[in-house]
$ cat target00.cif   # mmCIF, C-alpha atoms and all ligand atoms
data_start
#
loop_
_atom_site.label_atom_id
_atom_site.label_comp_id
_atom_site.auth_asym_id
_atom_site.auth_seq_id
_atom_site.Cartn_x
_atom_site.Cartn_y
_atom_site.Cartn_z
CA MET S 1 0.00 0.00 0.00
CA ALA S 2 2.82 2.36 0.96
CA THR S 3 4.48 2.03 -2.44
CA MET S 4 1.33 3.17 -4.28
CA THR S 5 0.94 6.37 -2.28
CA ALA S 6 2.76 9.48 -3.50
CA VAL S 7 3.80 11.78 -0.66
CA ALA S 8 5.21 15.31 -0.94
CA PHE S 9 7.23 16.40 2.08
CA VAL S 10 7.94 20.12 2.44
CA GLY S 11 10.41 21.18 5.16
CA LEU S 12 13.42 19.00 5.96
CA GLY S 13 14.66 20.59 9.19
CA ALA S 14 15.61 18.78 12.40
CA MET S 15 12.19 17.13 12.58
CA GLY S 16 11.06 17.03 8.93
CA GLY S 17 14.27 15.45 7.62
CA ARG S 18 13.93 12.55 10.03
CA MET S 19 10.19 12.12 9.42
CA ALA S 20 10.61 12.14 5.62
CA ARG S 21 13.30 9.52 5.96
CA ARG S 22 10.93 7.19 7.81
CA LEU S 23 8.40 7.51 4.99
CA VAL S 24 11.06 6.71 2.36
CA ASP S 25 12.21 3.71 4.43
CA ALA S 26 8.59 2.52 4.71
CA GLY S 27 8.30 2.41 0.92
CA TYR S 28 6.27 5.52 0.17
CA GLN S 29 7.06 7.38 -3.06
CA VAL S 30 8.35 10.57 -1.51
CA THR S 31 9.03 13.87 -3.27
CA VAL S 32 10.86 16.40 -1.10
CA TRP S 33 11.32 20.15 -1.17
CA ASN S 34 13.32 22.30 1.22
CA ARG S 35 14.30 25.99 1.08
CA THR S 36 17.95 25.01 1.54
CA ALA S 37 18.16 22.49 -1.29
CA ALA S 38 21.22 20.67 0.11
CA ARG S 39 19.03 19.18 2.83
CA CYS S 40 17.24 17.14 0.11
CA GLU S 41 20.42 15.28 -0.84
CA PRO S 42 20.51 12.60 1.88
CA LEU S 43 16.89 11.75 1.12
CA VAL S 44 17.47 11.62 -2.63
CA ALA S 45 20.35 9.22 -1.93
CA LEU S 46 17.80 6.99 -0.17
CA GLY S 47 15.35 7.05 -3.09
CA ALA S 48 13.28 10.23 -2.70
CA GLN S 49 12.83 12.65 -5.59
CA ALA S 50 13.62 16.34 -5.20
CA ALA S 51 11.18 18.88 -6.63
CA GLU S 52 11.95 22.36 -7.97
CA SER S 53 9.29 24.07 -5.86
CA PRO S 54 6.63 23.29 -3.24
CA ALA S 55 4.06 23.55 -6.06
CA ALA S 56 5.89 20.94 -8.12
CA ALA S 57 6.22 18.62 -5.11
CA ALA S 58 2.51 18.90 -4.25
CA ALA S 59 1.45 18.40 -7.89
CA ARG S 60 2.78 14.83 -7.85
CA ALA S 61 1.28 13.82 -4.53
CA ASP S 62 -1.80 12.15 -3.06
CA VAL S 63 -0.83 13.76 0.23
CA THR S 64 1.41 16.73 0.98
CA ILE S 65 3.01 17.06 4.43
CA THR S 66 4.34 20.40 5.72
CA MET S 67 6.89 20.61 8.56
CA VAL S 68 8.36 24.13 8.68
CA SER S 69 9.30 26.50 11.52
CA ASP S 70 6.39 28.87 11.93
CA PRO S 71 3.37 30.49 10.26
CA ALA S 72 5.54 32.86 8.16
CA ALA S 73 7.48 29.89 6.76
CA LEU S 74 4.23 28.07 6.04
CA TRP S 75 2.88 31.05 4.02
CA GLU S 76 6.20 31.16 2.18
CA VAL S 77 5.80 27.54 1.02
CA SER S 78 2.04 27.70 0.44
CA GLU S 79 1.35 30.99 -1.37
CA GLY S 80 2.38 32.39 -4.75
CA PRO S 81 3.06 30.74 -8.11
CA GLU S 82 5.60 28.31 -6.60
CA GLY S 83 3.58 27.54 -3.47
CA ILE S 84 1.73 24.36 -2.52
CA ALA S 85 -1.68 25.95 -3.18
CA ALA S 86 -0.70 26.55 -6.82
CA GLY S 87 0.27 22.91 -7.41
CA ILE S 88 -1.92 20.73 -5.19
CA ASP S 89 -4.73 18.72 -6.79
CA HIS S 90 -8.25 19.39 -5.51
CA SER S 91 -8.63 15.69 -4.64
CA ALA S 92 -5.44 15.61 -2.52
CA THR S 93 -4.91 15.89 1.25
CA LEU S 94 -2.62 18.30 3.06
CA ILE S 95 -1.32 17.25 6.47
CA GLU S 96 0.13 20.21 8.36
CA MET S 97 2.54 18.96 11.05
CA SER S 98 4.41 22.15 12.12
CA THR S 99 3.35 24.01 15.26
CA ILE S 100 1.39 26.99 13.87
CA GLY S 101 -1.71 27.24 16.09
CA PRO S 102 -5.40 26.93 15.14
CA ALA S 103 -5.62 30.36 13.45
CA GLY S 104 -2.81 29.33 11.11
CA VAL S 105 -4.63 26.10 10.23
CA THR S 106 -7.79 28.07 9.38
CA ARG S 107 -5.82 30.45 7.18
CA LEU S 108 -4.07 27.57 5.42
CA ALA S 109 -7.39 25.83 4.70
CA THR S 110 -8.86 28.96 3.10
CA MET S 111 -5.87 29.45 0.78
CA LEU S 112 -6.02 25.91 -0.70
CA PRO S 113 -8.24 24.95 -3.66
CA ASP S 114 -11.77 23.72 -2.86
CA GLY S 115 -11.83 19.97 -2.30
CA VAL S 116 -8.41 19.68 -0.65
CA VAL S 117 -8.80 18.01 2.74
CA VAL S 118 -6.70 19.61 5.47
CA LEU S 119 -5.61 17.66 8.54
CA ASP S 120 -3.59 19.38 11.25
CA ALA S 121 -1.27 16.89 12.91
CA PRO S 122 1.38 18.63 15.04
CA VAL S 123 3.70 16.47 17.08
CA LEU S 124 4.89 15.92 20.62
CA GLY S 125 8.41 14.59 21.09
CA SER S 126 11.69 15.73 19.61
CA VAL S 127 14.39 14.60 17.21
CA SER S 128 15.01 11.17 18.75
CA GLU S 129 11.27 10.40 18.75
CA ALA S 130 11.04 11.63 15.13
CA GLU S 131 13.88 9.31 14.17
CA ALA S 132 12.34 6.33 15.98
CA GLY S 133 8.79 6.90 14.69
CA ASP S 134 7.70 7.48 18.24
CA LEU S 135 6.09 10.92 18.06
CA GLY S 136 2.79 11.74 19.73
CA ILE S 137 0.56 13.10 16.93
CA PHE S 138 -2.54 15.20 17.70
CA VAL S 139 -4.80 15.05 14.66
CA GLY S 140 -7.63 17.39 13.77
CA GLY S 141 -9.90 16.67 10.81
CA PRO S 142 -12.84 14.66 9.46
CA PRO S 143 -12.85 11.14 10.97
CA GLU S 144 -12.84 9.33 7.61
CA SER S 145 -9.81 11.32 6.40
CA VAL S 146 -7.97 10.72 9.65
CA GLU S 147 -8.66 6.97 9.23
CA ARG S 148 -7.46 7.09 5.61
CA TRP S 149 -4.11 8.54 6.63
CA ARG S 150 -3.69 6.68 9.92
CA PRO S 151 -1.29 4.05 8.43
CA LEU S 152 0.95 6.82 7.04
CA LEU S 153 0.89 8.79 10.30
CA SER S 154 1.59 5.59 12.23
CA THR S 155 4.93 5.40 10.38
CA LEU S 156 5.82 8.60 12.26
CA GLY S 157 4.30 7.93 15.66
CA SER S 158 0.98 7.43 17.45
CA PRO S 159 -1.80 9.47 15.85
CA ARG S 160 -4.69 10.44 18.11
CA ARG S 161 -7.73 12.24 16.64
CA VAL S 162 -8.68 15.06 19.00
CA GLY S 163 -11.49 16.74 17.01
CA PRO S 164 -12.25 18.59 13.77
CA THR S 165 -9.68 20.50 11.69
CA GLY S 166 -7.83 22.91 14.02
CA ALA S 167 -8.18 20.68 17.09
CA GLY S 168 -4.73 19.15 16.59
CA ALA S 169 -3.14 22.61 16.65
CA ALA S 170 -5.19 23.50 19.74
CA ALA S 171 -4.06 20.32 21.50
CA LYS S 172 -0.42 21.04 20.66
CA LEU S 173 -0.57 24.57 22.12
CA THR S 174 -2.21 23.16 25.24
CA ALA S 175 0.61 20.65 25.65
CA ASN S 176 3.35 23.20 25.00
CA LEU S 177 1.88 25.68 27.48
CA THR S 178 2.62 23.12 30.18
CA LEU S 179 6.20 22.56 28.96
CA LEU S 180 7.03 26.26 28.86
CA GLY S 181 5.26 27.07 32.12
CA VAL S 182 6.96 24.24 33.99
CA LEU S 183 10.41 25.32 32.78
CA GLY S 184 9.73 28.89 33.97
CA VAL S 185 8.61 27.68 37.39
CA LEU S 186 11.56 25.30 37.67
CA GLY S 187 14.02 28.05 36.74
CA GLU S 188 12.53 30.48 39.24
CA ALA S 189 12.49 27.85 42.02
CA ILE S 190 16.20 27.16 41.45
CA ALA S 191 16.97 30.90 41.22
CA LEU S 192 15.14 31.57 44.50
CA ALA S 193 16.88 28.68 46.28
CA GLN S 194 20.22 29.94 44.95
CA GLY S 195 19.39 33.50 46.01
CA MET S 196 18.53 32.37 49.55
CA GLY S 197 21.81 30.50 49.79
CA LEU S 198 20.47 26.93 49.67
CA SER S 199 23.06 24.43 48.44
CA ARG S 200 22.63 22.84 45.00
CA GLU S 201 22.27 19.43 46.68
CA ALA S 202 19.55 20.66 49.05
CA THR S 203 17.79 22.46 46.19
CA PHE S 204 17.46 19.32 44.09
CA GLU S 205 16.53 17.28 47.16
CA VAL S 206 13.61 19.55 47.94
CA LEU S 207 12.56 19.76 44.29
CA SER S 208 12.45 15.95 44.12
CA ALA S 209 9.67 16.04 46.73
CA THR S 210 7.52 18.45 44.67
CA PRO S 211 5.32 18.14 41.55
CA LEU S 212 8.38 19.31 39.56
CA GLY S 213 10.52 16.38 40.79
CA ALA S 214 10.73 14.54 37.49
CA GLN S 215 11.54 17.69 35.50
CA ALA S 216 14.19 18.81 37.99
CA GLU S 217 15.88 15.41 37.76
CA ARG S 218 15.67 15.36 33.96
CA ARG S 219 17.22 18.83 33.61
CA ARG S 220 19.75 18.64 36.43
CA ASP S 221 22.69 17.50 34.32
CA ALA S 222 22.21 20.28 31.74
CA ILE S 223 21.80 22.89 34.49
CA GLU S 224 24.99 21.75 36.22
CA THR S 225 27.13 21.39 33.07
CA GLY S 226 25.63 24.42 31.32
CA SER S 227 25.36 22.33 28.14
CA PHE S 228 21.99 22.35 26.37
CA PRO S 229 22.40 20.31 23.14
CA PRO S 230 19.92 21.66 20.57
CA ARG S 231 16.88 19.47 19.94
CA PHE S 232 14.11 22.07 19.98
CA ALA S 233 15.43 25.59 19.37
CA LEU S 234 14.67 28.23 22.02
CA SER S 235 13.55 30.60 19.23
CA LEU S 236 10.88 28.04 18.24
CA ALA S 237 9.73 27.76 21.87
CA ARG S 238 9.38 31.57 21.96
CA LYS S 239 7.33 31.28 18.75
CA ASP S 240 5.10 28.73 20.51
CA ALA S 241 4.68 31.08 23.49
CA ASP S 242 3.55 33.79 21.03
CA LEU S 243 1.08 31.35 19.45
CA ILE S 244 -0.27 30.41 22.89
CA LEU S 245 -0.87 34.06 23.81
CA ASP S 246 -2.44 34.82 20.40
CA ALA S 247 -4.77 31.83 20.75
CA ALA S 248 -5.66 32.86 24.31
CA ALA S 249 -6.42 36.43 23.20
CA ALA S 250 -8.65 35.10 20.40
CA ALA S 251 -10.47 32.89 22.91
CA GLY S 252 -10.75 35.65 25.54
CA VAL S 253 -8.68 33.69 28.07
CA ASP S 254 -6.30 35.49 30.47
CA MET S 255 -2.79 34.04 30.65
CA GLY S 256 -0.63 35.53 33.40
CA LEU S 257 1.74 32.60 33.81
CA SER S 258 2.17 31.99 30.08
CA ARG S 259 2.94 35.67 29.57
CA ALA S 260 5.67 35.45 32.18
CA ALA S 261 7.05 32.25 30.62
CA ARG S 262 7.13 34.02 27.25
CA ASP S 263 8.98 36.99 28.77
CA TRP S 264 11.75 34.64 29.97
CA LEU S 265 12.07 33.15 26.48
CA VAL S 266 12.12 36.59 24.84
CA GLU S 267 14.88 37.70 27.25
CA ALA S 268 16.90 34.53 26.72
CA GLU S 269 16.61 34.94 22.95
CA ALA S 270 17.74 38.56 23.21
CA ALA S 271 20.70 37.33 25.28
CA GLY S 272 21.77 35.20 22.30
CA LEU S 273 20.37 31.79 23.29
CA GLY S 274 17.88 31.49 20.39
CA ASP S 275 19.73 28.68 18.61
CA GLN S 276 20.33 26.68 21.78
CA ASP S 277 17.89 24.12 23.14
CA TYR S 278 14.80 25.74 24.68
CA THR S 279 15.79 24.38 28.10
CA ALA S 280 18.71 26.87 28.05
CA VAL S 281 16.09 29.31 29.36
CA LEU S 282 16.89 27.68 32.73
CA ALA S 283 20.47 28.98 32.49
CA HIS S 284 19.11 32.44 31.77
CA ILE S 285 16.59 32.46 34.63
CA THR S 286 19.19 31.22 37.10
CA GLY S 287 21.75 33.76 35.86
CA ASN S 288 24.13 31.10 34.55
CA ASP S 289 24.17 32.10 30.86
N1 LIG S 301 12.54 20.20 17.28
C1 LIG S 301 11.61 19.74 18.07
O1 LIG S 301 11.90 19.12 19.10
C2 LIG S 301 10.14 19.94 17.77
C3 LIG S 301 9.22 19.16 18.48
C4 LIG S 301 7.86 19.29 18.22
C5 LIG S 301 7.44 20.23 17.27
N2 LIG S 301 8.36 20.99 16.61
C6 LIG S 301 7.85 21.95 15.62
O2 LIG S 301 8.10 21.40 14.34
C7 LIG S 301 8.40 22.45 13.41
C8 LIG S 301 9.78 22.21 12.78
O3 LIG S 301 10.73 22.22 13.83
P1 LIG S 301 12.27 21.84 13.56
O4 LIG S 301 12.87 21.63 14.90
O5 LIG S 301 12.37 20.78 12.52
O6 LIG S 301 12.81 23.23 12.98
P2 LIG S 301 14.11 23.52 12.11
O7 LIG S 301 15.13 22.46 12.28
O8 LIG S 301 14.48 24.94 12.41
O9 LIG S 301 13.57 23.44 10.60
C9 LIG S 301 12.72 24.43 10.10
C10 LIG S 301 12.32 24.09 8.68
O10 LIG S 301 11.52 25.19 8.19
C11 LIG S 301 12.14 25.70 7.01
N3 LIG S 301 11.91 27.15 6.88
C12 LIG S 301 12.11 28.11 7.84
N4 LIG S 301 11.79 29.33 7.36
C13 LIG S 301 11.39 29.14 6.07
C14 LIG S 301 10.92 30.00 5.06
N5 LIG S 301 10.81 31.33 5.26
N6 LIG S 301 10.58 29.47 3.86
C15 LIG S 301 10.68 28.15 3.65
N7 LIG S 301 11.10 27.26 4.57
C16 LIG S 301 11.46 27.76 5.77
C17 LIG S 301 13.61 25.37 7.16
O11 LIG S 301 14.26 25.44 5.91
P3 LIG S 301 15.88 25.60 5.81
O12 LIG S 301 16.44 24.21 5.92
O13 LIG S 301 16.10 26.24 4.50
O14 LIG S 301 16.29 26.49 6.97
C18 LIG S 301 13.52 23.95 7.72
O15 LIG S 301 13.19 23.04 6.71
C19 LIG S 301 8.29 23.76 14.19
O16 LIG S 301 6.99 24.31 14.02
C20 LIG S 301 8.51 23.32 15.63
O17 LIG S 301 7.90 24.20 16.54
C21 LIG S 301 9.69 20.86 16.82
#
$ encode --input "target00.cif" --output "C-alpha cells" --more "lines below"
Ligand SMILES: NC(=O)c1ccc[n+]([C@@H]2O[C@H](COP(=O)([O-])OP(=O)(O)OC[C@H]3O[C@@H](n4cnc5c(N)ncnc54)[C@H](OP(=O)(O)O)[C@@H]3O)[C@@H](O)[C@H]2O)c1
Amino acid sequence: MATMTAVAFVGLGAMGGRMARRLVDAGYQVTVWNRTAARCEPLVALGAQAAESPAAAAARADVTITMVSDPAALWEVSEGPEGIAAGIDHSATLIEMSTIGPAGVTRLATMLPDGVVVLDAPVLGSVSEAEAGDLGIFVGGPPESVERWRPLLSTLGSPRRVGPTGAGAAAKLTANLTLLGVLGVLGEAIALAQGMGLSREATFEVLSATPLGAQAERRRDAIETGSFPPRFALSLARKDADLILDAAAAAGVDMGLSRAARDWLVEAEAAGLGDQDYTAVLAHITGND
C-alpha cells in the first residue's frame, strides 16, 4: 500500500528530515522540497525525488506534508506561483505537522483549492522520537480522512484524533503551554533557592519532593554542566509562546503565567540563546548564561 501512495514532504529541518526519511524507508514514493536544497540530498540518496518548488512537489502527490518552523514559513511555502496551493490537486490531502496554532490552520485551509482536505497533525516529542517513529501526533480533521491517513501517520508515531480541523493545533498549544510554564517555574524555584543560599544538593533534594521532581531530575545534568544540546530551538519555543498568547487572546482567556514564561524566552533569545535548546532558558533564569 505504501508504495502506491505518492507523498510530498515540504520542510526537511531537524524534525522534517527525520520524518521524511521514515516515509522513504517505509516504501512511500516521496518527493521532497526544502528551502535550503542541500538538505534534500541525503533523502534523494535513499530514493526520494527532489522537486523544484513546493508547487511541483505537491502536484505529484496524493498527500502533501508540511513541517516548517512557523506560520511565516508556512505562508512562504504555500502561497504564490511556486507555493503548494498553486500545485496541489483538488482531490489531494494536506497534512500540516508544524506548530502553527489553530488560526494558522484556518488560514491555510482557506488558501487551498476547494476539495483539498486539510488535517492538522502537530507532534509531541523531539528529534530522537522523530527518528524512531515514536512521536505523539494530535490530529484534527474529518474522521474518515484521519482513518485514511492513519497508516501513514503511524509510520511517524501514534496518531490520536482530537477533534475537527484545528483541534490538533489547539491540543499542541495546550501541551506546550505546560512545557514552557513548567520550565519557567523550575528556573525560578532554582533561582530563589540559589538567592537564599540553599546548596545545590539541598535544592534538588527539595525539588524531588515536589510536583516538579521529574523535570528537575531530567534537567539537572544540563543545568549543572551548562550544556543544552539543541533538539528544539529556544527561538521556536518563543514562537510557541507567542502562538499560545495569540490563541488565548482570540479565545478571551487570560494568561498571566504563560505571559511570564514568554517573557523569559524573549529575554533569553535577546541574550543570544535562540539557537540553543529551549531548556537553556533555565540557564538564563538562574543567571548562569
Ligand atoms: N525540534 C523539536 O523538538 C520539535 C518538536 C515538536 C514540534 N516541533 C515543531 O516542528 C516544526 C519544525 O521544527 P524543527 O525543529 O524541525 O525546525 P528547524 O530544524 O528549524 O527546521 C525548520 C524548517 O523550516 C524551514 N523554513 C524556515 N523558514 C522558512 C521559510 N521562510 N521558507 C521556507 N522554509 C522555511 C527550514 O528550511 P531551511 O532548511 O532552508 O532552513 C527547515 O526546513 C516547528 O513548528 C517546531 O515548533 C519541533
$ residues_near_ligand --input "target00.cif" --ligand "ligand LIG 301 (chain S)" --cutoff "9 Å" --atoms "only C-alpha atoms and all ligand atoms" --output "ChimeraX atom specification"
/S:10-18,33-39,66-77,97-100,122-130,135,172,230-233,235-237,239-240,275,277
$ write_last_selection --input "target00.cif" --atoms "C-alpha atoms" --output "short mmCIF file (atom, residue, chain, number, x, y, z; two decimals), in the frame of the given file"
data_model
loop_
_atom_site.label_atom_id
_atom_site.label_comp_id
_atom_site.auth_asym_id
_atom_site.auth_seq_id
_atom_site.Cartn_x
_atom_site.Cartn_y
_atom_site.Cartn_z
CA VAL S 10 7.94 20.12 2.44
CA GLY S 11 10.41 21.18 5.16
CA LEU S 12 13.42 19.00 5.96
CA GLY S 13 14.66 20.59 9.19
CA ALA S 14 15.61 18.78 12.40
CA MET S 15 12.19 17.13 12.58
CA GLY S 16 11.06 17.03 8.93
CA GLY S 17 14.27 15.45 7.62
CA ARG S 18 13.93 12.55 10.03
CA TRP S 33 11.32 20.15 -1.17
CA ASN S 34 13.32 22.30 1.22
CA ARG S 35 14.30 25.99 1.08
CA THR S 36 17.95 25.01 1.54
CA ALA S 37 18.16 22.49 -1.29
CA ALA S 38 21.22 20.67 0.11
CA ARG S 39 19.03 19.18 2.83
CA THR S 66 4.34 20.40 5.72
CA MET S 67 6.89 20.61 8.56
CA VAL S 68 8.36 24.13 8.68
CA SER S 69 9.30 26.50 11.52
CA ASP S 70 6.39 28.87 11.93
CA PRO S 71 3.37 30.49 10.26
CA ALA S 72 5.54 32.86 8.16
CA ALA S 73 7.48 29.89 6.76
CA LEU S 74 4.23 28.07 6.04
CA TRP S 75 2.88 31.05 4.02
CA GLU S 76 6.20 31.16 2.18
CA VAL S 77 5.80 27.54 1.02
CA MET S 97 2.54 18.96 11.05
CA SER S 98 4.41 22.15 12.12
CA THR S 99 3.35 24.01 15.26
CA ILE S 100 1.39 26.99 13.87
CA PRO S 122 1.38 18.63 15.04
CA VAL S 123 3.70 16.47 17.08
CA LEU S 124 4.89 15.92 20.62
CA GLY S 125 8.41 14.59 21.09
CA SER S 126 11.69 15.73 19.61
CA VAL S 127 14.39 14.60 17.21
CA SER S 128 15.01 11.17 18.75
CA GLU S 129 11.27 10.40 18.75
CA ALA S 130 11.04 11.63 15.13
CA LEU S 135 6.09 10.92 18.06
CA LYS S 172 -0.42 21.04 20.66
CA PRO S 230 19.92 21.66 20.57
CA ARG S 231 16.88 19.47 19.94
CA PHE S 232 14.11 22.07 19.98
CA ALA S 233 15.43 25.59 19.37
CA SER S 235 13.55 30.60 19.23
CA LEU S 236 10.88 28.04 18.24
CA ALA S 237 9.73 27.76 21.87
CA LYS S 239 7.33 31.28 18.75
CA ASP S 240 5.10 28.73 20.51
CA ASP S 275 19.73 28.68 18.61
CA ASP S 277 17.89 24.12 23.14
#
$ atom_distance --input "target00.cif" --atom1 "atom CA of Arg238 of chain S" --atom2 "atom CA of Arg200 of chain S"
28.0 Å
$ residues_around --input "target00.cif" --residues "segment 176-188 of chain S" --least-positions-apart "6" --cutoff "10 Å" --atoms "only C-alpha atoms" --output "PyMOL selection string"
chain S and resi 99+124+194+207+211-213+215-216+219+223+237-238+240-241+243-245+257-265+278-287
$ atom_distance --input "target00.cif" --atom1 "atom CA of Glu217 of chain S" --atom2 "atom CA of Leu156 of chain S"
28.2 Å
$ atom_distance --input "target00.cif" --atom1 "atom CA of Tyr28 of chain S" --atom2 "atom CA of Val44 of chain S"
13.1 Å
$ axis_aligned_box --input "target00.cif" --around "segment 96-108 of chain S" --padding-each-side "6 Å" --output "AutoDock Vina command-line options"
--center_x -1.7 --center_y 24.7 --center_z 10.8 --size_x 24.2 --size_y 23.5 --size_z 22.7
$ residues_around --input "target00.cif" --residues "Thr165 of chain S" --least-positions-apart "3" --cutoff "8 Å" --atoms "all atoms listed in the file" --output "mmCIF file with C-alpha atoms, in the coordinates of the input"
data_model
loop_
_atom_site.group_PDB
_atom_site.id
_atom_site.type_symbol
_atom_site.label_atom_id
_atom_site.label_comp_id
_atom_site.auth_asym_id
_atom_site.auth_seq_id
_atom_site.Cartn_x
_atom_site.Cartn_y
_atom_site.Cartn_z
ATOM 1 C CA VAL S 105 -4.630 26.100 10.230
ATOM 2 C CA VAL S 118 -6.700 19.610 5.470
ATOM 3 C CA LEU S 119 -5.610 17.660 8.540
ATOM 4 C CA ASP S 120 -3.590 19.380 11.250
ATOM 5 C CA VAL S 139 -4.800 15.050 14.660
ATOM 6 C CA GLY S 140 -7.630 17.390 13.770
ATOM 7 C CA GLY S 141 -9.900 16.670 10.810
ATOM 8 C CA PRO S 142 -12.840 14.660 9.460
ATOM 9 C CA GLY S 168 -4.730 19.150 16.590
#
$ closest_residue --input "target00.cif" --among "S:Ala251, S:Ala170, S:Ile190, S:Val63" --to "Thr5 of chain S" --atoms "only C-alpha atoms"
S:Val63
$ residues_around --input "target00.cif" --residues "Ala271 of chain S" --least-positions-apart "4" --cutoff "9 Å" --atoms "only C-alpha atoms" --output "MDAnalysis selection string"
chainID S and resid 266:267 284 289
$ residues_around --input "target00.cif" --residues "Ala169 of chain S" --least-positions-apart "2" --cutoff "6 Å" --atoms "only C-alpha atoms" --output "list in words"
Gly101, Pro102, Gly166, Ala167, Ala171 and Lys172 of chain S
$ closest_residue --input "target00.cif" --among "S:Ile137, S:Glu131, S:Ser145, S:Val30" --to "Val116 of chain S" --atoms "only C-alpha atoms"
S:Ser145
$ residues_near_point --input "target00.cif" --point "(4.7, 12.9, 0.5)" --cutoff "12 Å" --atoms "only C-alpha atoms" --output "count of residues only"
52
$ closest_residue --input "target00.cif" --among "S:Ser158, S:Leu108, S:Glu205, S:Asp254" --to "Glu79 of chain S" --atoms "only C-alpha atoms"
S:Leu108
$ build_atoms --input "target00.cif" --residues "segment 66-79 of chain S" --atoms "N, CA, C and O atoms" --output "mmCIF file, in the coordinates of the input"
data_model
loop_
_atom_site.group_PDB
_atom_site.id
_atom_site.type_symbol
_atom_site.label_atom_id
_atom_site.label_comp_id
_atom_site.auth_asym_id
_atom_site.auth_seq_id
_atom_site.Cartn_x
_atom_site.Cartn_y
_atom_site.Cartn_z
ATOM 1 N N THR S 66 3.506 19.216 5.459
ATOM 2 C CA THR S 66 4.340 20.400 5.720
ATOM 3 C C THR S 66 4.908 20.305 7.126
ATOM 4 O O THR S 66 4.210 19.943 8.076
ATOM 5 N N MET S 67 6.217 20.619 7.253
ATOM 6 C CA MET S 67 6.890 20.610 8.560
ATOM 7 C C MET S 67 7.929 21.721 8.558
ATOM 8 O O MET S 67 9.119 21.485 8.371
ATOM 9 N N VAL S 68 7.468 22.963 8.713
ATOM 10 C CA VAL S 68 8.360 24.130 8.680
ATOM 11 C C VAL S 68 8.318 24.837 10.036
ATOM 12 O O VAL S 68 7.568 24.445 10.932
ATOM 13 N N SER S 69 9.124 25.918 10.180
ATOM 14 C CA SER S 69 9.300 26.500 11.520
ATOM 15 C C SER S 69 8.061 27.134 12.114
ATOM 16 O O SER S 69 7.758 26.938 13.279
ATOM 17 N N ASP S 70 7.395 27.978 11.317
ATOM 18 C CA ASP S 70 6.390 28.870 11.930
ATOM 19 C C ASP S 70 5.384 29.309 10.866
ATOM 20 O O ASP S 70 5.541 28.964 9.683
ATOM 21 N N PRO S 71 4.367 30.086 11.261
ATOM 22 C CA PRO S 71 3.370 30.490 10.260
ATOM 23 C C PRO S 71 3.986 31.215 9.061
ATOM 24 O O PRO S 71 3.630 30.922 7.918
ATOM 25 N N ALA S 72 4.948 32.111 9.292
ATOM 26 C CA ALA S 72 5.540 32.860 8.160
ATOM 27 C C ALA S 72 6.170 31.891 7.153
ATOM 28 O O ALA S 72 6.027 32.071 5.935
ATOM 29 N N ALA S 73 6.861 30.875 7.654
ATOM 30 C CA ALA S 73 7.480 29.890 6.760
ATOM 31 C C ALA S 73 6.406 29.105 6.011
ATOM 32 O O ALA S 73 6.557 28.793 4.827
ATOM 33 N N LEU S 74 5.306 28.822 6.702
ATOM 34 C CA LEU S 74 4.230 28.070 6.040
ATOM 35 C C LEU S 74 3.617 28.894 4.902
ATOM 36 O O LEU S 74 3.325 28.356 3.831
ATOM 37 N N TRP S 75 3.436 30.215 5.120
ATOM 38 C CA TRP S 75 2.880 31.050 4.020
ATOM 39 C C TRP S 75 3.870 31.082 2.869
ATOM 40 O O TRP S 75 3.495 31.017 1.704
ATOM 41 N N GLU S 76 5.150 31.135 3.209
ATOM 42 C CA GLU S 76 6.200 31.160 2.180
ATOM 43 C C GLU S 76 6.100 29.942 1.257
ATOM 44 O O GLU S 76 6.273 30.060 0.059
ATOM 45 N N VAL S 77 5.838 28.752 1.844
ATOM 46 C CA VAL S 77 5.800 27.540 1.020
ATOM 47 C C VAL S 77 4.417 27.258 0.435
ATOM 48 O O VAL S 77 4.279 26.385 -0.420
ATOM 49 N N SER S 78 3.405 27.999 0.899
ATOM 50 C CA SER S 78 2.040 27.700 0.440
ATOM 51 C C SER S 78 1.544 28.662 -0.624
ATOM 52 O O SER S 78 0.785 28.276 -1.520
ATOM 53 N N GLU S 79 1.924 29.946 -0.502
ATOM 54 C CA GLU S 79 1.350 30.990 -1.370
ATOM 55 C C GLU S 79 2.195 31.209 -2.622
ATOM 56 O O GLU S 79 3.316 30.755 -2.707
#
